[in-house]
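Everything below concerns the one structure shown next.
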Amino acid sequence: MGLIKKPPPCVRFAAAFSHEDRILKLVWDRLESHWGKIATLSPAFDFIESPYYHKTMYLAPANVLRKQMAVFADPYDPQSLALDKVDSNRWEEAWTAELLPADALVREDPLTKRLVNIDPGYLSMTKLVLASTKNREHRIYLQGGIYAEVTLAFRDQAWMSMPWTYADYQRSDVLEFLTQARKGFMQSVRGANG
């Protein structure tokens, strides 16, 4: 019989995208007020790997989405992942209603157009896990309609993608950001353990 142990250390992760950097800055400020200090924030980049979100995201005036990722400083309990996804979905809806330009509400269907998309997850020494509302063969059900997937694994001193890993998580700049964030996380764990 295996012994039940606490999960290994991890920290909260989030990716967010919107049509402009100003909105991303606002999102990160608000997420820090809910989830604590951000330890590492990636540079924003053009999300060009897939047009999938063009159907559900507000794109005007740039007609391009900007994406950014963050690793938070505080230790994280991974059993909170489903609640984080529920909260982030609620914030997407509320912040869109608050911030979407009034004239856009006339042109766009506010029920299908979001101003921001937030993807919560967590980072550990060995993996990057993301939450999703979509069931797929490689996702594990958590609770409340939320699933989790291992998006990247850290093996042989490098991030390794899975067959289902989204293309933007395989970008060299994203992998470098996650490598540096993991190093910072490892240092904080060593510091906490004396």
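Starting from 1 in every chain, residues are counted up; chains themselves are A, B, ... following the order of the structure tokens, and ligands are numbered from 1 as listed.
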
Would you pick out the contacts of A:Pro7 at 12 Å or less, using only C-alpha atoms, so that residues sharing its chain but fewer than 6 positions from it are not included, and give the list as a VMD selection string?
chain A and resid 75 to 79 124 to 126

Keeping only N, CA and C atoms, write the selected residues as a CSV table (one decimal), in the first residue's frame.
chain,number,residue,atom,x,y,z
A,75,PRO,N,3.1,29.8,-2.6
A,75,PRO,CA,2.9,28.4,-2.7
A,75,PRO,C,1.4,28.2,-3.1
A,76,TYR,N,1.1,27.1,-3.8
A,76,TYR,CA,-0.2,26.9,-4.3
A,76,TYR,C,-0.7,25.5,-4.0
A,77,ASP,N,-1.9,25.3,-3.6
A,77,ASP,CA,-2.5,24.0,-3.4
A,77,ASP,C,-3.2,23.6,-4.7
A,78,PRO,N,-2.8,22.6,-5.4
A,78,PRO,CA,-3.3,22.2,-6.7
A,78,PRO,C,-4.8,21.8,-6.6
A,79,GLN,N,-5.3,21.5,-5.5
A,79,GLN,CA,-6.7,21.2,-5.4
A,79,GLN,C,-7.6,22.4,-5.6
A,124,SER,N,4.9,23.1,-11.4
A,124,SER,CA,5.6,22.3,-10.4
A,124,SER,C,7.0,22.1,-11.0
A,125,MET,N,7.9,21.4,-10.2
A,125,MET,CA,9.2,21.1,-10.7
A,125,MET,C,9.1,20.2,-12.0
A,126,THR,N,8.0,19.4,-12.1
A,126,THR,CA,8.0,18.4,-13.2
A,126,THR,C,6.9,18.7,-14.3

Backbone DSSP call of strand (DSSP E or B) for stretch 6-186 of chain A, listed as a ChimeraX atom specification:
/A:10-18,38-41,45-46,57,66-75,114,116-124,127-132,140-143,146-155,158-161

Which neighbours of A:Trp95 fall inside 12 Å, counting only C-alpha atoms, when residues of the same chain fewer than 2 positions from it are skipped, and could you give them as a ChimeraX atom specification?
/A:18,23-24,26-27,30-31,87-93,97-101,110,113-118

File dump, residues just selected, C-alpha atoms, as a JSON list (two decimals), in the first residue's frame:
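The file below, again-v5.json, is the result:
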[["chain", "number", "residue", "atom", "x", "y", "z"],
["A", 18, "SER", "CA", -6.82, 40.17, -25.18],
["A", 23, "ILE", "CA", -6.21, 45.27, -21.08],
["A", 24, "LEU", "CA", -3.57, 42.66, -20.19],
["A", 26, "LEU", "CA", -5.36, 45.61, -16.09],
["A", 27, "VAL", "CA", -5.98, 41.84, -15.93],
["A", 30, "ARG", "CA", -6.64, 42.47, -10.87],
["A", 31, "LEU", "CA", -5.36, 38.90, -10.72],
["A", 87, "ASP", "CA", -13.44, 32.22, -10.87],
["A", 88, "SER", "CA", -11.53, 33.14, -14.02],
["A", 89, "ASN", "CA", -14.57, 32.38, -16.19],
["A", 90, "ARG", "CA", -16.68, 34.62, -13.97],
["A", 91, "TRP", "CA", -14.09, 37.43, -14.13],
["A", 92, "GLU", "CA", -13.87, 37.16, -17.93],
["A", 93, "GLU", "CA", -17.61, 37.79, -18.15],
["A", 97, "ALA", "CA", -19.24, 43.73, -19.40],
["A", 98, "GLU", "CA", -17.37, 46.46, -17.52],
["A", 99, "LEU", "CA", -14.64, 47.28, -20.04],
["A", 100, "LEU", "CA", -15.91, 46.48, -23.53],
["A", 101, "PRO", "CA", -16.49, 49.74, -25.41],
["A", 110, "PRO", "CA", -21.71, 40.33, -25.68],
["A", 113, "LYS", "CA", -17.48, 37.99, -27.42],
["A", 114, "ARG", "CA", -14.99, 38.22, -24.57],
["A", 115, "LEU", "CA", -12.55, 41.03, -24.00],
["A", 116, "VAL", "CA", -10.17, 38.75, -22.13],
["A", 117, "ASN", "CA", -9.43, 35.04, -21.83],
["A", 118, "ILE", "CA", -7.74, 33.70, -18.68]]

Considering only C-alpha atoms, give me a table of residues in stretch 68-146 of chain A that are at most 9 Å from stretch 33-43 of chain A, with the closest atom pair and distance in Å for each, as a tab-separated table.
residue	atom	partner	partner_atom	distance
A:Gln68	CA	A:Ser42	CA	5.8
A:Met69	CA	A:Ser42	CA	5.3
A:Ala70	CA	A:Leu41	CA	4.5
A:Val71	CA	A:Thr40	CA	5.3
A:Phe72	CA	A:Ile38	CA	4.1
A:Ala73	CA	A:Ala39	CA	4.6
A:Asp74	CA	A:Gly36	CA	6.8

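Take the candidates A:Glu176, A:Glu137, A:Asp29, A:Asp21 and check each one against A:Pro163 using only C-alpha atoms; the shortest distance goes to A:Glu137.
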
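Distances to A:Asn135 were evaluated for A:Ala148, A:Val86, A:Ser80, A:Asp156 using only C-alpha atoms, and the minimum falls at A:Ala148.
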
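Closest approach to A:Lys85 from the set A:Ser132, A:Ser50, A:Gln157, A:Ser188 is made by A:Ser132, with distances taken over only C-alpha atoms.
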
Straight-line distance linking atom CA of A:Asn63 with atom CA of A:Phe177, stated in Å to one decimal
25.6 Å
